[in-house]
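Q: Following this message is one structure expressed as structure tokens.
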Amino acid sequence: MSASTQQQGEALLKVSGLNAFYGRAHILFDVALEVGRGEVVALMGRNGAGKSTTMKSIMGLLDRAQGKVEFRGSDISRAKPFQISRMGMGFVPEDRRVFADLSVMENLEVGRQPAREGAVEWTPDKLFKLFPNLGEMPDRPGGQMSGGEQQMLTVSRTLMGNPYLVLLDEPSEGVAPVIVEQMANMIMTLKREGMAILLSEQNLHFAELVSDRAYVLENGHIRYQGSMAQLAADEEVRRNYLSV
Ligand SMILES: Nc1ncnc2c1ncn2[C@@H]1O[C@H](COP(=O)(O)OP(=O)(O)OP(=O)(O)O)[C@@H](O)[C@H]1O
């Protein structure tokens with residue numbers, strides 16, 4: 001357990017011995033990771049390293065996964081995705097699917113869940129302060145928005161569920177630099193509000209800006225874990241397992 005997690009008591013999310021498979025292909029090998037309350041943790045690694053598979057396994061979306069996933073002290077290894085979502089874990093997948101025929105407001109309503117004790121409570125107004133672009137187009141159908149705007153809407157819809165923890169799969173990928181900047185600001189704001197985030201990321205600079213700690217995956221194995229500052233200074237790990 002890291003020092004920062006110890007300070008904050010029991011981990012919010014604790015994954016151990018996670019193995020995952022697509023058909024007969026063994027993709028994750030004994031992955032173990034933790035996210036403490038209020039922590040932003042980066043899950044890093046090159047394309048195909050297993051970042052998305054780790055997130056999908058945590059969310060109960062993989063047909064074949066073994067290992068233990070604990071969330072807020074409960075074993076959720078066998079829970080269904082909708083149950084995990086209702087326990088207060090939000091997931092923003094890489095493909096950022098918005099409901100194309102629904103307006104921004106309607107998309108947000110789809111994500112609404114009751115307020116949770118100890119979790120930040122989100123409203124459309126509060127989200128529009130975080131993402132002013134969305135506030136300018138409440139009636140715009142999701143299908144008529146740019147990729148970056150859709151990304152913001154997907155994150156916002158997930159926050160409408162008032163989660164304790166959000167899994168964010170590559171929020172900076174394939175969006176314009178101005179959106180990347182807004183994503184970084186958004187993550188820092190969420191952190192200030194006390195939310196915990198597990199962030200999948202290939203971009204070291206982005207991860208460095210927003211994360212406390214990092215895990216680096218290669219071919220489904222955790223090859224590094226430590227503080228973000230240590231990772232940024234570790235040229236060997238960066239050269240071997242990241243593209244920088
Ligand atoms: N639905 C699938 N069926 C079979 N193999 C898959 C499937 N999805 C992913 N894989 C394989 O699993 C491995 C891990 O993929 P994963 O998407 O988790 O990586 P990643 O680190 O998230 O990469 P990326 O940044 O490209 O999304 C890769 O070898 C990939 O080809």
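How things are named: the first chain in the structure tokens is A, the next is B, and so on; residues count from 1 in each chain; ligands count from 1 in the order shown.
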Hey, could you make a per-residue contact list for stretch 54-75 of chain A against stretch 149-168 of chain A with 10 Å as the cut-off, showing the nearest pair of atoms and its distance in Å to one decimal, counting only C-alpha atoms, sorted by chain and number, as a Markdown table?
A:
```
| residue | atom | partner | partner_atom | distance |
| --- | --- | --- | --- | --- |
| A:Met55 | CA | A:Leu167 | CA | 6.8 |
| A:Lys56 | CA | A:Leu167 | CA | 9.4 |
| A:Ile58 | CA | A:Leu167 | CA | 9.2 |
| A:Met59 | CA | A:Leu167 | CA | 8.9 |
| A:Phe71 | CA | A:Leu165 | CA | 9.3 |
| A:Arg72 | CA | A:Tyr164 | CA | 9.1 |
```
Q: For A:Val69, list every protein, DNA or RNA residue within 6 Å, evaluated using only C-alpha atoms, and leave out those in the same chain fewer than 5 positions away; present the list as a JSON list (two decimals) with N, CA and C atoms, in the first residue's frame.
A:
```json
[["chain", "number", "residue", "atom", "x", "y", "z"],
["A", 14, "LYS", "N", -9.80, -1.58, -4.63],
["A", 14, "LYS", "CA", -8.65, -2.46, -4.43],
["A", 14, "LYS", "C", -8.80, -3.67, -5.36],
["A", 15, "VAL", "N", -7.88, -3.80, -6.28],
["A", 15, "VAL", "CA", -7.91, -4.89, -7.25],
["A", 15, "VAL", "C", -6.73, -5.80, -6.96],
["A", 75, "ASP", "N", -16.93, -6.68, -1.83],
["A", 75, "ASP", "CA", -16.40, -7.48, -2.94],
["A", 75, "ASP", "C", -17.36, -7.35, -4.13],
["A", 76, "ILE", "N", -16.90, -6.75, -5.22],
["A", 76, "ILE", "CA", -17.77, -6.57, -6.39],
["A", 76, "ILE", "C", -17.32, -7.45, -7.57],
["A", 77, "SER", "N", -16.47, -8.44, -7.26],
["A", 77, "SER", "CA", -15.91, -9.27, -8.33],
["A", 77, "SER", "C", -16.99, -9.93, -9.18]]
```
Q: Mind listing the strand (DSSP E or B) residues of stretch 90-218 of chain A, per DSSP on the backbone, as a PDB file with C-alpha atoms, in the first residue's frame?
A:
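Final file, out_18.pdb:
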```
ATOM      1  CA  GLY A  90     -18.677   5.748 -12.846  1.00  0.00           C
ATOM      2  CA  PHE A  91     -17.072   4.643 -16.114  1.00  0.00           C
ATOM      3  CA  VAL A  92     -16.314   6.799 -19.148  1.00  0.00           C
ATOM      4  CA  SER A 103     -30.226  16.685 -26.407  1.00  0.00           C
ATOM      5  CA  PRO A 141     -28.653  16.703 -30.121  1.00  0.00           C
ATOM      6  CA  LEU A 165     -14.871   7.054  -8.137  1.00  0.00           C
ATOM      7  CA  VAL A 166     -14.669   7.583 -11.890  1.00  0.00           C
ATOM      8  CA  LEU A 167     -12.787   5.377 -14.319  1.00  0.00           C
ATOM      9  CA  LEU A 168     -11.772   7.599 -17.230  1.00  0.00           C
ATOM     10  CA  ASP A 169     -10.498   5.743 -20.288  1.00  0.00           C
ATOM     11  CA  ALA A 196     -11.169   9.759  -6.805  1.00  0.00           C
ATOM     12  CA  ILE A 197     -10.206   9.015 -10.396  1.00  0.00           C
ATOM     13  CA  LEU A 198      -8.552   6.113 -12.169  1.00  0.00           C
ATOM     14  CA  LEU A 199      -7.305   7.511 -15.426  1.00  0.00           C
ATOM     15  CA  SER A 200      -6.123   5.448 -18.376  1.00  0.00           C
ATOM     16  CA  GLU A 201      -3.552   7.445 -20.261  1.00  0.00           C
ATOM     17  CA  ARG A 213       0.459   7.991  -8.585  1.00  0.00           C
ATOM     18  CA  ALA A 214       0.864   5.743 -11.605  1.00  0.00           C
ATOM     19  CA  TYR A 215       0.820   2.107 -12.633  1.00  0.00           C
ATOM     20  CA  VAL A 216       2.418   1.109 -15.915  1.00  0.00           C
ATOM     21  CA  LEU A 217       1.140  -1.906 -17.820  1.00  0.00           C
ATOM     22  CA  GLU A 218       2.960  -3.866 -20.491  1.00  0.00           C
TER      23      GLU A 218
END
```
Q: Check the smallest atom-to-atom distance from each of A:Gln144, A:Gln225, A:Ser211, A:Ser16 to A:Thr54 using only C-alpha atoms, then report the winner.
A: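 The closest residue to A:Thr54 is A:Ser16.
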Q: Let me have all residues with an atom within 8 Å of ligand 1, counting only C-alpha atoms and all ligand atoms, laid out as a VMD selection string.
A: chain A and resid 22 to 23 25 27 to 28 44 to 54 94 169 to 170 200 to 202 217 219 to 220
Q: With distances taken over only C-alpha atoms, which of A:Pro171, A:Pro177, A:Gly60, A:Gly142 is nearest to A:Val210?
A: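 Checking each candidate against A:Val210, we get A:Pro171 as the closest.
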Q: Give the answer as one residue: which of A:His26, A:Arg97, A:Arg223, A:Lys68 has the shortest atom-to-atom distance to A:Gly148, using only C-alpha atoms?
A: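 Once distances to A:Gly148 are computed over only C-alpha atoms, the minimum belongs to A:Arg97.
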Q: What's the separation between atom CA of A:Thr123 and atom CA of A:Val35, in Å to one decimal place?
A: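 For atom CA of A:Thr123 relative to atom CA of A:Val35, the distance reads 25.2 Å.
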Q: Please determine, counting only C-alpha atoms, which residue among A:Asp139, A:Asp212, A:Glu34, A:Asp63 has the shortest atom-to-atom distance to A:Leu13.
A: A:Glu34
Q: For a quick check of understanding, using only C-alpha atoms, which of A:Met87, A:Glu70, A:Val40, A:Leu204 has the smallest distance to A:Arg116?
A: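 Comparing A:Met87, A:Glu70, A:Val40, A:Leu204 against A:Arg116, the winner is A:Met87.
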Q: Hey, can you check how far atom CA of A:Met186 sits from atom CA of A:Ala233?
A: 25.4 Å
Q: Can you tell me, as a tab-separated table (two decimals) with C-alpha atoms, in the first residue's frame, what residues are no more than 6 Å from A:Leu18 when counting only C-alpha atoms, ignoring any on the same chain fewer than 6 positions away?
A:
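Wrote it out as around.tsv, contents follow:
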```tsv
chain	number	residue	atom	x	y	z
A	30	ASP	CA	-2.33	-10.86	-11.87
A	31	VAL	CA	-2.98	-7.15	-12.07
A	66	GLN	CA	-10.79	-13.78	-12.41
A	67	GLY	CA	-9.49	-12.08	-9.31
```
Q: Run DSSP on the backbone of this structure and report the residues of stretch 55-168 of chain A it assigns to alpha helix (DSSP H), as a ChimeraX atom specification.
A: /A:55-58,81-86,104-110,124-130,132-135,147-159
Q: Suppose you want the space between atom CA of A:Ala176 and atom CA of A:Phe128; what is it in Å?
A: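 Result for atom CA of A:Ala176 versus atom CA of A:Phe128: 19.5 Å, one decimal.
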Q: May I ask which of the residues A:Leu134, A:Leu242, A:Val120, A:Ile84 is the closest one to A:Leu108, counting only C-alpha atoms?
A: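 Checking each candidate against A:Leu108, we get A:Leu134 as the closest.
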